[in-house]
Amino acid sequence: MSSTHQNTPDRSSTGGSCDLGAIDDLTCSSKGISRRAEVTEERLPRLKEFKEKFDSARTEYSKARDAAQGDLDAADATLDTVLEQIRCRIPRDQKECLAEAVDEVFGDIRKCAGGWGCCAGECDCSFDGEVGEDDTVASLSARIARYATEVEWAAACFERLDEERTELPARAAQITADAARLLADASDPVTGKDVVRLYARLLILRRRAEEVWRGFGTVSAYVACLCELLLCVLKGSKAIAALEGAKAELVCKEEARKAACARKQAQTLEEVLAVYLRECPPCPPKHPAEAREGDAAEDPAAA
């Protein structure tokens, strides 16, 4: 594939044998380069922001996990106390039925709320910034739009995962608070009577504690996912800038062709004479001596 389109110069629009089509090509090439630089500058701020976030991701996420683990340990101890208080007050079949209900509801939540773990695999992230000879403004526009959608999806995923630095400790702290509230309710003479509800709350909190990491078992897995997403945004942004530049060049050349066509329609006589002079140039004037010799040869009386 080639990064530029090769056009045959339109010599008939330049007058005589002077081909100035290369000036139009150079002008359009310049517009393409300028557009590519413009789009790059537009996308650089977000790329730099993402890079800064990625550079601090390992340290900040490690702190978040440590803080979350402290809350989870406290919540686990509280839930063990609650279980000791109510375990003998609910039959085994009810426990098993409640456990199945929790599995079903959490399964539905995972389906409707989206899966956890690294979302980078959900995006193809295959971007081609090359332009072929058969590409048109329409085909490039379609590819740019498709790439832009994929880049925005990856960027949104990156930003969502970046929020884990604050959301992870908040989730763990909420589990700890809910566990303390459950213990208080289990010890209360009134609320403590609804043992089925208490046990369901306990199972829900256990499951939330198990899934608090949202699919990232280690800090390295989280950082690797961020890296993959950042590279996806980078590659897509580079491809979009290249295609935007190529598109601008094609638009410019199309406008130049239309202008040449309009000029031929408005100045038809001049264009016809220009072609005539190019195809049938007049003979150069003869030297006076040559002209006399020619005249003598053609004059019968002189013989």
# chains A, B, ... in the order shown; residues from 1 in each chain; ligands from 1
>>> residues_around(residues="range 146-153 of chain A", least_positions_apart="5", cutoff="7 Å", atoms="only C-alpha atoms", output="NGL selection string")
:A and (123 or 232-233 or 236 or 240)
>>> write_last_selection(atoms="N, CA and C atoms", output="PDB file, in the first residue's frame")
ATOM      1  N   CYS A 123     -11.890  -5.024  22.726  1.00  0.00           N
ATOM      2  CA  CYS A 123     -11.670  -4.119  21.589  1.00  0.00           C
ATOM      3  C   CYS A 123     -10.564  -4.697  20.702  1.00  0.00           C
ATOM      4  N   CYS A 232      -3.557   1.056  23.013  1.00  0.00           N
ATOM      5  CA  CYS A 232      -4.662   1.030  22.050  1.00  0.00           C
ATOM      6  C   CYS A 232      -5.063   2.457  21.677  1.00  0.00           C
ATOM      7  N   VAL A 233      -5.196   3.315  22.675  1.00  0.00           N
ATOM      8  CA  VAL A 233      -5.554   4.717  22.424  1.00  0.00           C
ATOM      9  C   VAL A 233      -4.464   5.402  21.611  1.00  0.00           C
ATOM     10  N   GLY A 236      -4.460   4.011  17.929  1.00  0.00           N
ATOM     11  CA  GLY A 236      -5.633   4.508  17.227  1.00  0.00           C
ATOM     12  C   GLY A 236      -5.519   5.984  16.906  1.00  0.00           C
ATOM     13  N   ILE A 240      -5.593   7.616  13.171  1.00  0.00           N
ATOM     14  CA  ILE A 240      -6.602   8.613  12.827  1.00  0.00           C
ATOM     15  C   ILE A 240      -5.945   9.880  12.291  1.00  0.00           C
TER      16      ILE A 240
END
>>> closest_atom_pairs(of="range 257-278 of chain A", to="range 21-40 of chain A", cutoff="12 Å", atoms="only C-alpha atoms", output="JSON lines")
{"residue": "A:Arg257", "atom": "CA", "partner": "A:Asp24", "partner_atom": "CA", "distance": 9.6}
{"residue": "A:Ala259", "atom": "CA", "partner": "A:Asp24", "partner_atom": "CA", "distance": 11.0}
{"residue": "A:Ala260", "atom": "CA", "partner": "A:Gly21", "partner_atom": "CA", "distance": 10.3}
>>> write_last_selection(atoms="C-alpha atoms", output="compact mmCIF listing (two decimals), in the first residue's frame")
# COMPACT_ATOMS: atom_id res chain seq x y z
CA ARG A 257 -9.77 18.94 -10.32
CA ALA A 259 -11.48 24.06 -10.38
CA ALA A 260 -9.64 22.90 -13.51
>>> select_by_dssp(residues="range 3-224 of chain A", states="alpha helix (DSSP H)", output="VMD selection string")
chain A and resid 21 to 86 92 to 113 137 to 162 164 to 187 195 to 210 219 to 224
>>> residues_around(residues="Leu250 in chain A", least_positions_apart="3", cutoff="9 Å", atoms="only C-alpha atoms", output="number ranges by chain")
A: 4-5, 28-29, 32, 136-137, 245-247, 253-255
>>> closest_residue(among="A:Val251, A:Leu229, A:Gly192, A:Val212", to="Leu140 in chain A", atoms="only C-alpha atoms")
A:Val251
>>> closest_residue(among="A:Leu203, A:Leu44, A:Leu277, A:Cys227", to="Leu79 in chain A", atoms="only C-alpha atoms")
A:Leu203
>>> atom_distance(atom1="CA of Ser62 in chain A", atom2="CA of Gly215 in chain A")
15.2 Å
>>> closest_residue(among="A:Leu161, A:Thr59, A:Ile86, A:Leu168", to="Glu211 in chain A", atoms="only C-alpha atoms")
A:Leu168
>>> closest_residue(among="A:Lys111, A:Arg89, A:Arg65, A:Arg160", to="Phe50 in chain A", atoms="only C-alpha atoms")
A:Arg160
>>> closest_residue(among="A:Ala274, A:Ala262, A:Ile175, A:Cys157", to="Gly114 in chain A", atoms="only C-alpha atoms")
A:Cys157
>>> atom_distance(atom1="CA of Tyr199 in chain A", atom2="CA of Gln85 in chain A")
10.3 Å
>>> atom_distance(atom1="CA of Gly121 in chain A", atom2="CA of Ser139 in chain A")
26.4 Å
